$ cat entry18.txt   # compact mmCIF, C-alpha atoms and all ligand atoms
# COMPACT_ATOMS: atom_id res chain seq x y z
CA MET B 357 103.30 94.30 123.39
CA ARG B 358 105.37 97.49 123.11
CA LYS B 359 103.87 100.91 123.63
CA THR B 360 106.34 102.72 121.39
CA ARG B 361 107.79 101.61 118.06
CA LEU B 362 111.17 99.85 118.24
CA GLY B 363 113.40 101.35 115.55
CA PHE B 364 115.30 99.01 113.26
CA GLN B 365 118.78 100.48 113.56
CA PRO B 366 118.78 103.86 115.33
CA PRO B 367 122.19 105.56 115.53
CA ALA B 368 124.03 105.19 118.82
CA VAL B 369 125.21 108.77 119.26
CA GLY B 370 125.45 110.77 122.46
CA ASP B 371 127.06 113.74 124.11
CA GLU B 372 130.51 112.82 122.75
CA GLU B 373 129.40 113.15 119.12
CA ILE B 374 127.50 116.37 119.89
CA ALA B 375 130.56 117.87 121.59
CA ALA B 376 132.81 116.77 118.72
CA VAL B 377 130.58 118.50 116.16
CA ALA B 378 130.33 121.69 118.22
CA GLU B 379 134.12 121.77 118.65
CA THR B 380 134.63 121.26 114.91
CA LEU B 381 132.25 124.08 114.02
CA ARG B 382 134.10 126.36 116.44
CA SER B 383 137.41 125.34 114.86
CA GLY B 384 136.37 126.86 111.54
CA TRP B 385 136.93 123.64 109.57
CA LEU B 386 133.65 122.85 107.87
CA THR B 387 135.14 120.99 104.95
CA THR B 388 137.97 118.44 104.78
CA GLY B 389 140.69 119.29 107.29
CA PRO B 390 142.59 117.95 110.29
CA ARG B 391 139.76 115.73 111.58
CA ALA B 392 139.40 113.93 108.25
CA ALA B 393 143.17 113.39 108.31
CA GLU B 394 142.99 112.08 111.89
CA LEU B 395 140.15 109.74 110.92
CA GLU B 396 142.27 108.37 108.07
CA ALA B 397 145.24 107.78 110.37
CA ARG B 398 143.19 106.06 113.08
CA ALA B 399 141.26 103.97 110.56
CA ALA B 400 144.52 102.89 108.89
CA GLU B 401 145.70 101.54 112.24
CA LEU B 402 142.43 99.78 113.05
CA LEU B 403 141.97 98.37 109.57
CA GLU B 404 145.65 97.39 109.32
CA ALA B 405 146.00 99.07 105.94
CA GLU B 406 148.82 101.30 104.72
CA HIS B 407 146.53 103.93 103.23
CA VAL B 408 143.01 105.01 104.16
CA LEU B 409 141.23 107.77 102.27
CA ALA B 410 138.07 109.39 103.60
CA VAL B 411 135.35 110.12 101.05
CA ALA B 412 131.76 111.32 100.96
CA SER B 413 129.99 107.93 101.09
CA GLY B 414 130.43 104.19 100.78
CA THR B 415 129.05 104.53 97.27
CA ALA B 416 131.73 107.11 96.39
CA ALA B 417 134.38 104.82 97.90
CA LEU B 418 133.34 101.94 95.61
CA HIS B 419 133.06 104.22 92.59
CA LEU B 420 136.46 105.87 93.07
CA ALA B 421 138.10 102.50 93.70
CA LEU B 422 136.81 101.26 90.33
CA VAL B 423 137.96 104.43 88.55
CA ALA B 424 141.35 104.27 90.30
CA LEU B 425 141.76 100.73 88.96
CA ASP B 426 140.94 101.98 85.47
CA VAL B 427 137.67 100.10 85.10
CA GLY B 428 135.58 101.56 82.28
CA ILE B 429 133.67 101.06 79.05
CA GLY B 430 133.95 97.54 77.61
CA ASP B 431 134.96 95.99 80.94
CA GLU B 432 133.03 93.52 83.06
CA VAL B 433 132.92 93.53 86.85
CA ILE B 434 131.61 90.47 88.68
CA THR B 435 129.56 91.19 91.79
CA THR B 436 126.85 89.74 94.01
CA PRO B 437 123.15 90.42 93.61
CA ILE B 438 122.59 90.25 97.39
CA THR B 439 123.73 93.78 98.13
CA TRP B 440 122.55 97.35 98.28
CA PRO B 441 122.13 98.46 94.63
CA ALA B 442 124.95 101.00 95.02
CA THR B 443 127.46 98.18 94.53
CA ALA B 444 126.15 97.51 91.03
CA ASN B 445 125.24 101.13 90.24
CA VAL B 446 128.84 102.31 90.50
CA ILE B 447 129.92 99.64 88.02
CA VAL B 448 127.35 101.09 85.61
CA HIS B 449 128.60 104.62 86.37
CA THR B 450 132.07 103.68 85.10
CA GLY B 451 130.60 102.42 81.82
CA ALA B 452 131.46 98.81 82.66
CA THR B 453 128.96 95.93 82.73
CA PRO B 454 127.93 94.34 86.02
CA VAL B 455 127.92 90.53 85.91
CA PHE B 456 126.00 88.89 88.74
CA ALA B 457 127.32 85.71 90.36
CA ASP B 458 125.05 83.68 92.60
CA VAL B 459 125.53 83.46 96.37
CA ARG B 460 126.12 80.57 98.77
CA ASP B 461 123.04 79.29 100.50
CA ASP B 462 124.38 79.44 104.06
CA ASP B 463 125.74 82.99 104.40
CA LEU B 464 124.45 84.59 101.16
CA ASN B 465 127.95 85.79 100.26
CA ILE B 466 129.18 85.53 96.67
CA ASP B 467 129.84 81.96 95.51
CA PRO B 468 133.47 81.79 94.29
CA ALA B 469 132.71 78.73 92.13
CA HIS B 470 130.09 80.68 90.20
CA VAL B 471 132.43 83.68 89.93
CA ALA B 472 135.07 81.40 88.35
CA GLU B 473 132.54 80.30 85.71
CA LEU B 474 131.76 83.91 84.82
CA VAL B 475 135.35 85.14 84.33
CA THR B 476 136.08 86.18 80.74
CA GLU B 477 138.86 88.14 79.05
CA LYS B 478 136.75 91.25 79.76
CA THR B 479 136.69 90.74 83.54
CA ARG B 480 138.47 93.78 85.00
CA ALA B 481 137.52 93.42 88.66
CA ILE B 482 135.59 91.35 91.18
CA MET B 483 133.50 93.19 93.75
CA PRO B 484 132.30 90.93 96.59
CA VAL B 485 130.33 92.06 99.65
CA HIS B 486 130.80 90.93 103.25
CA LEU B 487 127.10 90.60 103.95
CA ALA B 488 125.96 91.53 107.47
CA GLY B 489 129.62 91.50 108.60
CA GLN B 490 130.50 87.91 107.65
CA PRO B 491 133.57 87.98 105.36
CA CYS B 492 133.04 86.33 102.00
CA ASP B 493 135.54 83.65 100.95
CA LEU B 494 138.34 85.80 99.52
CA GLU B 495 141.10 83.23 98.80
CA PRO B 496 139.39 81.66 95.76
CA LEU B 497 138.52 85.13 94.44
CA TRP B 498 142.14 86.32 94.68
CA ALA B 499 143.19 83.12 92.89
CA LEU B 500 141.25 84.21 89.79
CA GLY B 501 143.81 86.94 89.14
CA ALA B 502 141.54 89.98 88.60
CA PRO B 503 141.74 92.93 91.00
CA VAL B 504 139.39 92.55 93.96
CA ILE B 505 137.51 95.52 95.41
CA GLU B 506 135.80 94.52 98.64
CA ASP B 507 132.49 96.13 99.54
CA ALA B 508 133.07 96.17 103.28
CA ALA B 509 130.17 98.52 104.09
CA HIS B 510 129.07 96.03 106.78
CA ALA B 511 132.51 94.85 107.79
CA PHE B 512 134.41 97.49 109.79
CA GLU B 513 135.40 95.02 112.52
CA SER B 514 135.59 91.90 110.37
CA ALA B 515 138.61 89.64 109.95
CA TYR B 516 139.07 86.89 107.37
CA ARG B 517 140.94 83.82 108.62
CA GLY B 518 142.82 85.89 111.17
CA ALA B 519 143.59 88.87 108.92
CA LYS B 520 141.81 92.18 109.37
CA ILE B 521 139.51 93.17 106.51
CA GLY B 522 141.05 96.40 105.19
CA GLY B 523 144.46 95.80 103.65
CA LEU B 524 143.89 92.42 102.01
CA SER B 525 142.66 93.17 98.48
CA ASP B 526 143.44 95.87 95.90
CA ALA B 527 140.93 98.16 97.60
CA THR B 528 138.45 97.76 100.47
CA CYS B 529 135.53 100.16 100.81
CA PHE B 530 133.67 101.04 104.00
CA SER B 531 130.53 103.08 104.63
CA LEU B 532 129.98 105.53 107.47
CA TYR B 533 126.25 105.78 106.73
CA ALA B 534 123.87 106.45 109.65
CA THR B 535 123.14 102.77 110.38
CA LYS B 536 126.69 101.43 110.09
CA ASN B 537 128.89 100.21 112.96
CA VAL B 538 130.91 103.42 112.68
CA ALA B 539 128.22 105.96 111.79
CA ALA B 540 129.00 109.53 110.77
CA GLY B 541 125.63 110.04 109.08
CA GLU B 542 127.24 109.92 105.66
CA GLY B 543 130.78 109.07 104.65
CA GLY B 544 133.05 106.36 103.35
CA LEU B 545 136.61 105.06 103.57
CA ILE B 546 138.87 103.39 101.01
CA ALA B 547 141.60 101.22 102.50
CA THR B 548 144.46 99.87 100.40
CA ASN B 549 148.08 98.80 100.58
CA ARG B 550 148.60 99.90 96.98
CA ALA B 551 150.29 103.31 96.80
CA ASP B 552 149.13 103.77 93.18
CA VAL B 553 145.47 103.22 94.13
CA ALA B 554 145.77 105.59 97.09
CA GLU B 555 147.37 108.27 94.92
CA ALA B 556 144.72 107.90 92.21
CA VAL B 557 141.88 108.19 94.75
CA ARG B 558 143.54 111.25 96.28
CA GLU B 559 143.48 112.96 92.88
CA LEU B 560 139.95 111.79 92.05
CA ARG B 561 138.12 112.67 95.25
CA LEU B 562 138.88 116.39 95.33
CA MET B 563 140.45 119.04 93.13
CA ARG B 564 143.15 120.60 95.28
CA ARG B 565 144.77 124.02 94.90
CA GLY B 566 148.45 124.72 94.87
CA ASP B 567 149.91 128.05 95.95
CA GLY B 568 148.41 131.00 94.14
CA SER B 569 148.26 130.31 90.44
CA LEU B 570 150.14 127.03 90.86
CA TYR B 571 147.35 124.60 90.43
CA ASP B 572 146.92 122.21 87.58
CA LEU B 573 144.67 119.30 86.71
CA THR B 574 145.85 115.80 85.85
CA VAL B 575 142.45 114.10 85.95
CA PRO B 576 138.85 115.39 85.81
CA GLY B 577 137.96 114.28 89.33
CA TYR B 578 134.87 114.27 91.48
CA LYS B 579 133.71 116.16 94.58
CA ALA B 580 133.71 113.24 96.97
CA ASN B 581 135.67 114.44 99.99
CA LEU B 582 134.51 114.03 103.61
CA SER B 583 133.83 117.11 105.73
CA ASP B 584 135.51 117.53 109.11
CA VAL B 585 132.10 117.82 110.78
CA LEU B 586 131.29 114.25 109.75
CA ALA B 587 134.83 113.04 110.40
CA ALA B 588 134.50 114.33 113.97
CA ILE B 589 131.39 112.16 114.48
CA ALA B 590 133.20 109.14 113.07
CA LEU B 591 136.16 109.74 115.41
CA ALA B 592 133.83 109.81 118.42
CA GLN B 593 132.29 106.56 117.19
CA LEU B 594 135.72 104.91 116.95
CA ASP B 595 136.18 105.56 120.68
CA LYS B 596 133.04 103.50 121.31
CA LEU B 597 133.81 100.63 118.95
CA GLU B 598 134.67 98.11 121.67
CA ARG B 599 131.77 98.98 123.95
CA HIS B 600 129.36 98.85 121.03
CA ARG B 601 130.73 95.47 119.98
CA GLY B 602 129.97 94.10 123.45
CA LEU B 603 126.37 95.30 123.14
CA ARG B 604 126.03 93.78 119.67
CA GLU B 605 127.40 90.47 120.94
CA ARG B 606 124.75 90.37 123.64
CA GLN B 607 122.01 91.20 121.14
CA PHE B 608 123.19 88.47 118.75
CA ALA B 609 123.18 85.96 121.64
CA LEU B 610 119.59 86.88 122.57
CA TYR B 611 118.46 86.42 118.98
CA ASP B 612 120.39 83.14 118.56
CA GLU B 613 118.71 81.78 121.66
CA ALA B 614 115.22 82.84 120.50
CA VAL B 615 115.35 81.69 116.87
CA ALA B 616 116.87 78.31 117.81
CA GLU B 617 113.37 77.36 119.01
CA LEU B 618 111.47 78.72 116.02
CA GLU B 619 110.85 76.20 113.23
CA GLY B 620 111.52 77.66 109.78
CA ILE B 621 113.42 80.75 111.02
CA THR B 622 117.19 80.44 110.57
CA PRO B 623 119.97 83.00 110.98
CA LEU B 624 122.61 83.39 108.27
CA ALA B 625 125.68 81.23 108.90
CA ARG B 626 128.66 82.73 110.71
CA ASP B 627 132.07 81.16 110.11
CA THR B 628 133.96 80.64 113.37
CA ARG B 629 137.30 80.97 111.53
CA ASP B 630 136.47 84.63 110.88
CA VAL B 631 135.58 87.69 112.94
CA HIS B 632 132.03 88.78 112.16
CA ALA B 633 131.31 92.51 112.46
CA LEU B 634 127.84 91.80 113.89
CA HIS B 635 126.40 94.56 111.72
CA LEU B 636 123.05 92.93 110.88
CA TYR B 637 121.10 90.04 112.37
CA VAL B 638 119.53 88.49 109.29
CA VAL B 639 117.20 85.50 109.43
CA ARG B 640 115.65 83.52 106.60
CA ILE B 641 111.99 82.69 106.88
CA ASP B 642 111.03 79.49 105.11
CA ALA B 643 107.35 80.15 104.37
CA GLU B 644 106.41 76.49 104.40
CA ARG B 645 108.01 75.64 107.74
CA ALA B 646 107.37 78.99 109.43
CA GLY B 647 103.73 79.06 108.32
CA ALA B 648 103.83 82.40 106.51
CA SER B 649 105.98 84.41 104.13
CA ARG B 650 108.70 86.90 105.04
CA ASP B 651 106.37 89.73 104.03
CA ASP B 652 103.64 88.37 106.35
CA TYR B 653 106.17 88.20 109.19
CA GLN B 654 107.41 91.71 108.48
CA ARG B 655 103.86 93.11 108.53
CA ALA B 656 102.94 91.19 111.70
CA LEU B 657 106.09 92.42 113.47
CA SER B 658 105.31 95.96 112.37
CA ASP B 659 101.83 95.58 113.92
CA GLU B 660 103.68 94.60 117.11
CA LEU B 661 105.61 97.93 116.77
CA VAL B 662 108.84 96.15 115.88
CA SER B 663 110.60 97.59 112.81
CA THR B 664 112.60 95.30 110.56
CA SER B 665 114.39 95.63 107.23
CA ILE B 666 115.39 93.58 104.19
CA HIS B 667 119.04 92.94 103.23
CA PHE B 668 118.61 92.51 100.33
CA LEU B 669 116.35 92.06 97.33
CA PRO B 670 118.50 90.66 94.48
CA VAL B 671 119.76 93.62 92.44
CA HIS B 672 119.30 91.85 89.09
CA ARG B 673 115.56 91.61 89.84
CA LEU B 674 115.16 95.39 90.29
CA ALA B 675 113.54 97.08 87.26
CA TRP B 676 116.54 98.85 85.73
CA TYR B 677 118.76 95.78 85.94
CA ARG B 678 115.99 93.28 85.11
CA GLU B 679 115.38 95.05 81.81
CA ARG B 680 119.05 95.09 80.79
CA PHE B 681 121.01 92.17 82.26
CA ALA B 682 120.34 88.44 82.28
CA ALA B 683 121.54 86.62 85.42
CA GLU B 684 121.29 83.03 86.63
CA CYS B 685 121.10 83.39 90.39
CA PRO B 686 118.47 81.00 91.79
CA VAL B 687 119.95 80.90 95.31
CA ALA B 688 119.88 84.71 95.54
CA GLU B 689 116.34 84.82 94.18
CA ARG B 690 115.01 82.46 96.81
CA ALA B 691 116.93 84.27 99.54
CA GLY B 692 115.50 87.60 98.39
CA ASP B 693 112.04 86.30 99.29
CA GLU B 694 113.14 84.98 102.69
CA VAL B 695 115.55 87.43 104.35
CA LEU B 696 114.48 89.64 107.22
CA SER B 697 116.79 91.77 109.39
CA LEU B 698 115.81 92.19 113.03
CA PRO B 699 116.36 95.34 115.14
CA LEU B 700 120.00 95.67 116.17
CA SER B 701 121.82 98.69 117.54
CA PRO B 702 123.97 99.66 120.51
CA ALA B 703 121.23 102.26 121.09
CA HIS B 704 118.82 99.42 121.95
CA SER B 705 118.62 97.99 125.47
CA GLU B 706 118.41 94.27 126.25
CA ASP B 707 114.74 94.84 127.06
CA ASP B 708 114.24 96.27 123.57
CA ILE B 709 115.70 93.13 122.01
CA ARG B 710 113.62 90.95 124.35
CA ASP B 711 110.56 92.86 123.09
CA ALA B 712 111.61 91.96 119.55
CA THR B 713 112.15 88.27 120.38
CA ASP B 714 108.86 88.11 122.34
CA ALA B 715 107.03 89.64 119.36
CA LEU B 716 108.72 87.18 116.99
CA ARG B 717 107.70 84.25 119.21
CA ARG B 718 104.08 85.46 119.32
CA VAL B 719 103.94 85.97 115.56
CA HIS B 720 105.52 82.56 114.96
CA ALA B 721 103.06 80.85 117.34
CA ARG B 722 100.22 82.43 115.37
CA PHE B 723 101.53 81.52 111.89
CA ALA B 724 103.22 78.19 112.49
CA THR B 725 100.35 76.35 114.14
C1 LIG B 801 126.50 96.50 101.08
C2 LIG B 801 126.49 97.98 100.89
N1 LIG B 801 127.26 98.53 99.93
C3 LIG B 801 127.30 99.85 99.73
C4 LIG B 801 126.54 100.72 100.50
C5 LIG B 801 126.60 102.17 100.20
O1 LIG B 801 127.10 102.94 101.25
P1 LIG B 801 126.66 104.47 101.42
O2 LIG B 801 125.23 104.49 101.84
O3 LIG B 801 127.58 105.01 102.47
O4 LIG B 801 126.86 105.15 100.10
C6 LIG B 801 125.73 100.19 101.52
C7 LIG B 801 124.91 100.97 102.40
O5 LIG B 801 124.47 101.90 102.61
C8 LIG B 801 125.70 98.79 101.71
O6 LIG B 801 124.91 98.25 102.66

$ encode --input "entry18.txt" --output "structure tokens"
Amino acid sequence: MRKTRLGFQPPAVGDEEIAAVAETLRSGWLTTGPRAAELEARAAELLEAEHVLAVASGTAALHLALVALDVGIGDEVITTPITWPATANVIVHTGATPVFADVRDDDLNIDPAHVAELVTEKTRAIMPVHLAGQPCDLEPLWALGAPVIEDAAHAFESAYRGAKIGGLSDATCFSLYATKNVAAGEGGLIATNRADVAEAVRELRLMRRGDGSLYDLTVPGYKANLSDVLAAIALAQLDKLERHRGLRERQFALYDEAVAELEGITPLARDTRDVHALHLYVVRIDAERAGASRDDYQRALSDELVSTSIHFLPVHRLAWYRERFAAECPVAERAGDEVLSLPLSPAHSEDDIRDATDALRRVHARFAT
């Protein structure tokens, strides 16, 4: 049993990030400046996209992508219920209606067959999520003809059938939130190969001044730019991407080995044709076979000083959505009761992850017999 609590996903920051922030503060650039521009350039290379725009959050990235694609009142946007509510909230913010498609049972990504059934003449965009870092199946979504905006908050390192997630759809949105693979604390990126989308986002994210009195306004935009202080942290994190991936790979292997022996506890499927970003290690706990519910497991692990999290409760079951939108998503609903995310972070040591797997084994032995 641990003596101190094991955090779920502590940020892996060190002296490099601290030095980068101090240097930025000394440079005088507190708001968007050269570091944000450098982050955009480096991200464009890594994500293999022609344009990358840095914004204030993953949520802002998704919102501005929708606005840039002219999504608004009277439109429908099809999305997945197994996501952080921000994905659906931004659809509501544009005045459009979120339409929830069910997910596939094995990886809990959006089910393209259900999406196809939900397409109407009002469908203005499809917004899938690459849950935990496993790319969703994009080909059949592209085939439906509506613009696709990928929520790639979990998918910085992901590739779909050999092609890097970033420049594949109309827009691809990343989060730099504190727990993400590239963590700035807060922040987001929009990647696109469409010059018109990039230009629209540039206008929308920040009102810029011309020389002297020479400024004008073509669109009532937002204040959604990324500060250089945060961009500097993200740049330091990019330098560590490969090393952190190695650590995540080892942690995934330790979990795979442990859960293989635990009846009723199954990790989400990973497709070997794709590159998984290894952002979250999510298991499903089948209450009947594992001897107790997900909530029982989460409480018991917490008593063992192991923190876990839930990705995600189905959005259409949350009060605001439940009261306004009907959705037929039985697979998502069952999954919402079963998913549990285990501690994962390059800040954790192998011993930390062994503590988590030992605790899981003990809890399972107690419940399953
Ligand atoms: C799937 C998903 N989409 C969107 C977001 C929103 O990103 P942010 O917190 O940077 O606004 C998050 C996470 O935070 C997420 O996990």

$ atom_distance --input "entry18.txt" --atom1 "atom O5 of ligand LIG 801 (chain B)" --atom2 "atom CA of His449 of chain B"
17.0 Å

$ axis_aligned_box --input "entry18.txt" --around "segment 629-633 of chain B" --padding-each-side "6 Å" --output "lines of an AutoDock Vina configuration file"
center_x = 134.3
center_y = 86.7
center_z = 111.9
size_x = 18.0
size_y = 23.5
size_z = 14.1

$ closest_residue --input "entry18.txt" --among "B:Val615, B:Ala457, B:Val687, B:Ile666" --to "Leu716 of chain B" --atoms "only C-alpha atoms"
B:Val615

$ closest_residue --input "entry18.txt" --among "B:Leu403, B:Ala721, B:Val433, B:Leu381" --to "Gly523 of chain B" --atoms "all atoms listed in the file"
B:Leu403

$ residues_near_ligand --input "entry18.txt" --ligand "ligand LIG 801 (chain B)" --cutoff "6 Å" --atoms "all atoms listed in the file" --output "PyMOL selection string"
chain B and resi 413-415+439-440+442-443+507+509+531-533+542-544

$ residues_around --input "entry18.txt" --residues "Pro496 of chain B" --least-positions-apart "4" --cutoff "9 Å" --atoms "all atoms listed in the file" --output "list in words"
Pro468, Ala469, Ala472 and Leu500 of chain B

$ closest_residue --input "entry18.txt" --among "B:Thr574, B:Glu372, B:Gly692, B:Ala399" --to "Glu555 of chain B" --atoms "all atoms listed in the file"
B:Thr574

$ residues_around --input "entry18.txt" --residues "Gly363 of chain B" --least-positions-apart "3" --cutoff "9 Å" --atoms "only C-alpha atoms" --output "list of chain:residue names"
B:Pro366, B:Leu661, B:Val662, B:Ser663, B:Thr664, B:Pro699, B:Leu700, B:His704

$ residues_around --input "entry18.txt" --residues "Ala368 of chain B" --least-positions-apart "3" --cutoff "8 Å" --atoms "all atoms listed in the file" --output "mmCIF file with C-alpha atoms, in the coordinates of the input"
data_model
loop_
_atom_site.group_PDB
_atom_site.id
_atom_site.type_symbol
_atom_site.label_atom_id
_atom_site.label_comp_id
_atom_site.auth_asym_id
_atom_site.auth_seq_id
_atom_site.Cartn_x
_atom_site.Cartn_y
_atom_site.Cartn_z
ATOM 1 C CA SER B 701 121.820 98.690 117.540
ATOM 2 C CA PRO B 702 123.970 99.660 120.510
ATOM 3 C CA ALA B 703 121.230 102.260 121.090
#

$ closest_residue --input "entry18.txt" --among "B:Glu406, B:Glu394, B:Glu689, B:Glu506" --to "Ile482 of chain B" --atoms "only C-alpha atoms"
B:Glu506

$ closest_residue --input "entry18.txt" --among "B:Val377, B:Leu402, B:Ile438, B:Asn549" --to "Glu598 of chain B" --atoms "all atoms listed in the file"
B:Leu402

$ atom_distance --input "entry18.txt" --atom1 "atom CA of Ile466 of chain B" --atom2 "atom CA of Thr436 of chain B"
5.5 Å

$ atom_distance --input "entry18.txt" --atom1 "atom CA of Tyr677 of chain B" --atom2 "atom CA of Asp458 of chain B"
15.2 Å

$ residues_around --input "entry18.txt" --residues "Thr453 of chain B" --least-positions-apart "3" --cutoff "9 Å" --atoms "all atoms listed in the file" --output "PyMOL selection string"
chain B and resi 428-434+444+447-448+450+681

$ closest_residue --input "entry18.txt" --among "B:Ala547, B:Thr479, B:Leu497, B:Glu644" --to "Ala397 of chain B" --atoms "all atoms listed in the file"
B:Ala547

$ residues_around --input "entry18.txt" --residues "Val695 of chain B" --least-positions-apart "4" --cutoff "6 Å" --atoms "all atoms listed in the file" --output "number ranges by chain"
B: 639-640, 691
